[in-house]
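These notes concern the structure reproduced below.
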Amino acid sequence: NYQMLIYEEGQEDAKRGTKRKNVTFFGDSGANKKDSPARTLALWCFSCSVALRQLEKLGVHSLIITSGTLSPIEGTAEAFGVPFPVILENKHVIDVKKQLWGGVLTTGPEGAVLDASFAQRNEPAYIKSLG
């Protein structure tokens with residue numbers, strides 16, 4: 001449920017969209033130099049049950065969770081790791097035969113290829129085509 005990442009981030013890397021450089025925490029790549037970038041140890045929790053258990057311990061009495069992607073609700077409620085005595089699950093609010101369209105757009109309104117790959121995602125024509 002946890003992931004650990006150790007990375008160095010220089011000033012030029014601080015801008016949004018720059019991929020962080022994984023490093024060995026105990027390596028000697030500039031560890032003793034004053035001008036070397038600081039190393040950051042990040043621990044990420046990918047389990048909502050950890051946070052929800054803390055809320056339960058704090059005495060939270062009501063929690064409303066909404067989403068269009070919680071179905072099937074039984075598995076989702078179990079993954080939350082806390083009891084839910086009241087669950088409301090409604091049917092879809094649209095008529096899928098009349099109000100749903102599925103398709104693939106390969107180019108934008110000005111003809112730019114809609115390629116969301118890592119190499120192309122910052123291309124001005126692509127970004128402009130997304131609106």
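Residues in the structure tokens are numbered from 1 in each chain, the chains being A, B, ... in the order shown, and ligands are numbered from 1 in the order shown.
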For segment 92-97 of chain A: contacts at 12 Å, only C-alpha atoms, fewer than 3 positions along chain excluded, given as a list in words: Ser67, Gly68, Thr69, Ser71, Glu89, Leu100, Trp101 and Gly102 of chain A
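The spacing separating atom CA of His61 of chain A from atom CA of Ser47 of chain A amounts to 20.7 Å.
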If you count only C-alpha atoms, the residue of A:Met4, A:Ile87, A:Ala125, A:Leu130 closest to Thr40 of chain A turns out to be A:Met4
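Atom CA of Leu41 of chain A is found 29.3 Å from atom CA of Ala116 of chain A.
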Output as a ChimeraX atom specification all residues of segment 60-131 of chain A that backbone DSSP marks as alpha helix (DSSP H). /A:73-80,96-99,124-130
For the selection just defined, write its residues with N, CA, C and O atoms to a file, as a PDB file, in the first residue's frame.
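This is the output file again-v9.pdb:
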ATOM      1  N   ILE A  73     -20.168  -1.592  -5.661  1.00  0.00           N
ATOM      2  CA  ILE A  73     -20.023  -0.907  -4.380  1.00  0.00           C
ATOM      3  C   ILE A  73     -19.505  -1.826  -3.272  1.00  0.00           C
ATOM      4  O   ILE A  73     -18.805  -1.372  -2.375  1.00  0.00           O
ATOM      5  N   GLU A  74     -19.813  -3.113  -3.327  1.00  0.00           N
ATOM      6  CA  GLU A  74     -19.390  -4.029  -2.257  1.00  0.00           C
ATOM      7  C   GLU A  74     -17.868  -4.079  -2.154  1.00  0.00           C
ATOM      8  O   GLU A  74     -17.302  -3.976  -1.067  1.00  0.00           O
ATOM      9  N   GLY A  75     -17.186  -4.229  -3.278  1.00  0.00           N
ATOM     10  CA  GLY A  75     -15.723  -4.282  -3.276  1.00  0.00           C
ATOM     11  C   GLY A  75     -15.103  -2.962  -2.876  1.00  0.00           C
ATOM     12  O   GLY A  75     -14.088  -2.920  -2.182  1.00  0.00           O
ATOM     13  N   THR A  76     -15.719  -1.873  -3.303  1.00  0.00           N
ATOM     14  CA  THR A  76     -15.207  -0.546  -2.964  1.00  0.00           C
ATOM     15  C   THR A  76     -15.334  -0.289  -1.476  1.00  0.00           C
ATOM     16  O   THR A  76     -14.392   0.177  -0.834  1.00  0.00           O
ATOM     17  N   ALA A  77     -16.501  -0.596  -0.903  1.00  0.00           N
ATOM     18  CA  ALA A  77     -16.719  -0.389   0.532  1.00  0.00           C
ATOM     19  C   ALA A  77     -15.751  -1.240   1.354  1.00  0.00           C
ATOM     20  O   ALA A  77     -15.232  -0.791   2.380  1.00  0.00           O
ATOM     21  N   GLU A  78     -15.469  -2.439   0.893  1.00  0.00           N
ATOM     22  CA  GLU A  78     -14.514  -3.305   1.597  1.00  0.00           C
ATOM     23  C   GLU A  78     -13.103  -2.717   1.539  1.00  0.00           C
ATOM     24  O   GLU A  78     -12.357  -2.742   2.514  1.00  0.00           O
ATOM     25  N   ALA A  79     -12.726  -2.123   0.405  1.00  0.00           N
ATOM     26  CA  ALA A  79     -11.397  -1.532   0.248  1.00  0.00           C
ATOM     27  C   ALA A  79     -11.209  -0.312   1.144  1.00  0.00           C
ATOM     28  O   ALA A  79     -10.088   0.018   1.516  1.00  0.00           O
ATOM     29  N   PHE A  80     -12.305   0.357   1.497  1.00  0.00           N
ATOM     30  CA  PHE A  80     -12.208   1.519   2.376  1.00  0.00           C
ATOM     31  C   PHE A  80     -11.742   1.136   3.775  1.00  0.00           C
ATOM     32  O   PHE A  80     -11.180   1.950   4.496  1.00  0.00           O
ATOM     33  N   VAL A  96     -28.693   5.447 -21.635  1.00  0.00           N
ATOM     34  CA  VAL A  96     -27.478   5.161 -22.401  1.00  0.00           C
ATOM     35  C   VAL A  96     -27.748   4.955 -23.882  1.00  0.00           C
ATOM     36  O   VAL A  96     -26.854   5.138 -24.711  1.00  0.00           O
ATOM     37  N   LYS A  97     -28.962   4.603 -24.254  1.00  0.00           N
ATOM     38  CA  LYS A  97     -29.281   4.411 -25.672  1.00  0.00           C
ATOM     39  C   LYS A  97     -29.474   5.746 -26.388  1.00  0.00           C
ATOM     40  O   LYS A  97     -29.261   5.840 -27.586  1.00  0.00           O
ATOM     41  N   LYS A  98     -29.857   6.793 -25.642  1.00  0.00           N
ATOM     42  CA  LYS A  98     -30.136   8.081 -26.266  1.00  0.00           C
ATOM     43  C   LYS A  98     -29.096   9.158 -25.934  1.00  0.00           C
ATOM     44  O   LYS A  98     -28.951  10.124 -26.672  1.00  0.00           O
ATOM     45  N   GLN A  99     -28.402   9.026 -24.812  1.00  0.00           N
ATOM     46  CA  GLN A  99     -27.558  10.124 -24.339  1.00  0.00           C
ATOM     47  C   GLN A  99     -26.080   9.777 -24.221  1.00  0.00           C
ATOM     48  O   GLN A  99     -25.321  10.538 -23.643  1.00  0.00           O
ATOM     49  N   PRO A 124       2.911  22.260 -28.434  1.00  0.00           N
ATOM     50  CA  PRO A 124       1.934  23.362 -28.477  1.00  0.00           C
ATOM     51  C   PRO A 124       0.692  23.053 -29.305  1.00  0.00           C
ATOM     52  O   PRO A 124      -0.414  23.385 -28.900  1.00  0.00           O
ATOM     53  N   ALA A 125       0.861  22.414 -30.465  1.00  0.00           N
ATOM     54  CA  ALA A 125      -0.302  22.116 -31.319  1.00  0.00           C
ATOM     55  C   ALA A 125      -1.259  21.147 -30.625  1.00  0.00           C
ATOM     56  O   ALA A 125      -2.480  21.283 -30.708  1.00  0.00           O
ATOM     57  N   TYR A 126      -0.692  20.166 -29.912  1.00  0.00           N
ATOM     58  CA  TYR A 126      -1.503  19.193 -29.174  1.00  0.00           C
ATOM     59  C   TYR A 126      -2.271  19.880 -28.042  1.00  0.00           C
ATOM     60  O   TYR A 126      -3.476  19.699 -27.898  1.00  0.00           O
ATOM     61  N   ILE A 127      -1.581  20.683 -27.267  1.00  0.00           N
ATOM     62  CA  ILE A 127      -2.211  21.390 -26.141  1.00  0.00           C
ATOM     63  C   ILE A 127      -3.309  22.316 -26.648  1.00  0.00           C
ATOM     64  O   ILE A 127      -4.406  22.381 -26.085  1.00  0.00           O
ATOM     65  N   LYS A 128      -3.058  23.038 -27.715  1.00  0.00           N
ATOM     66  CA  LYS A 128      -4.049  23.955 -28.288  1.00  0.00           C
ATOM     67  C   LYS A 128      -5.278  23.180 -28.765  1.00  0.00           C
ATOM     68  O   LYS A 128      -6.408  23.614 -28.577  1.00  0.00           O
ATOM     69  N   SER A 129      -5.060  22.013 -29.348  1.00  0.00           N
ATOM     70  CA  SER A 129      -6.183  21.204 -29.836  1.00  0.00           C
ATOM     71  C   SER A 129      -7.080  20.683 -28.711  1.00  0.00           C
ATOM     72  O   SER A 129      -8.258  20.460 -28.900  1.00  0.00           O
ATOM     73  N   LEU A 130      -6.503  20.513 -27.526  1.00  0.00           N
ATOM     74  CA  LEU A 130      -7.293  20.054 -26.392  1.00  0.00           C
ATOM     75  C   LEU A 130      -8.184  21.156 -25.829  1.00  0.00           C
ATOM     76  O   LEU A 130      -9.140  20.895 -25.113  1.00  0.00           O
TER      77      LEU A 130
END
Selection: 10 Å around Val50 of chain A, only C-alpha atoms, excl. self and same-chain fewer than 3 positions, as a ChimeraX atom specification: /A:1,45-47,53-55,80-82
Would you output that residue set with C-alpha atoms, as a PDB file, in the first residue's frame?
ATOM      1  CA  ASN A   1       0.000   0.000   0.000  1.00  0.00           C
ATOM      2  CA  CYS A  45       0.187   5.791   0.602  1.00  0.00           C
ATOM      3  CA  PHE A  46      -2.115   4.361  -2.058  1.00  0.00           C
ATOM      4  CA  SER A  47      -4.694   2.927   0.337  1.00  0.00           C
ATOM      5  CA  ARG A  53      -9.361   4.629   9.779  1.00  0.00           C
ATOM      6  CA  GLN A  54      -7.782   7.803  11.159  1.00  0.00           C
ATOM      7  CA  LEU A  55     -11.019   9.715  10.523  1.00  0.00           C
ATOM      8  CA  PHE A  80     -12.208   1.519   2.376  1.00  0.00           C
ATOM      9  CA  GLY A  81     -11.472  -0.582   5.479  1.00  0.00           C
ATOM     10  CA  VAL A  82     -14.171   0.973   7.674  1.00  0.00           C
TER      11      VAL A  82
END
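Distances to Leu88 of chain A were evaluated for A:Ile65, A:Glu110, A:Gln120, A:Val104 using only C-alpha atoms, and the minimum falls at A:Ile65.
Candidate residues A:Thr106, A:Leu70, A:Glu8, A:Gly131 were compared for distance to Pro37 of chain A, and the nearest is A:Glu8, using only C-alpha atoms.
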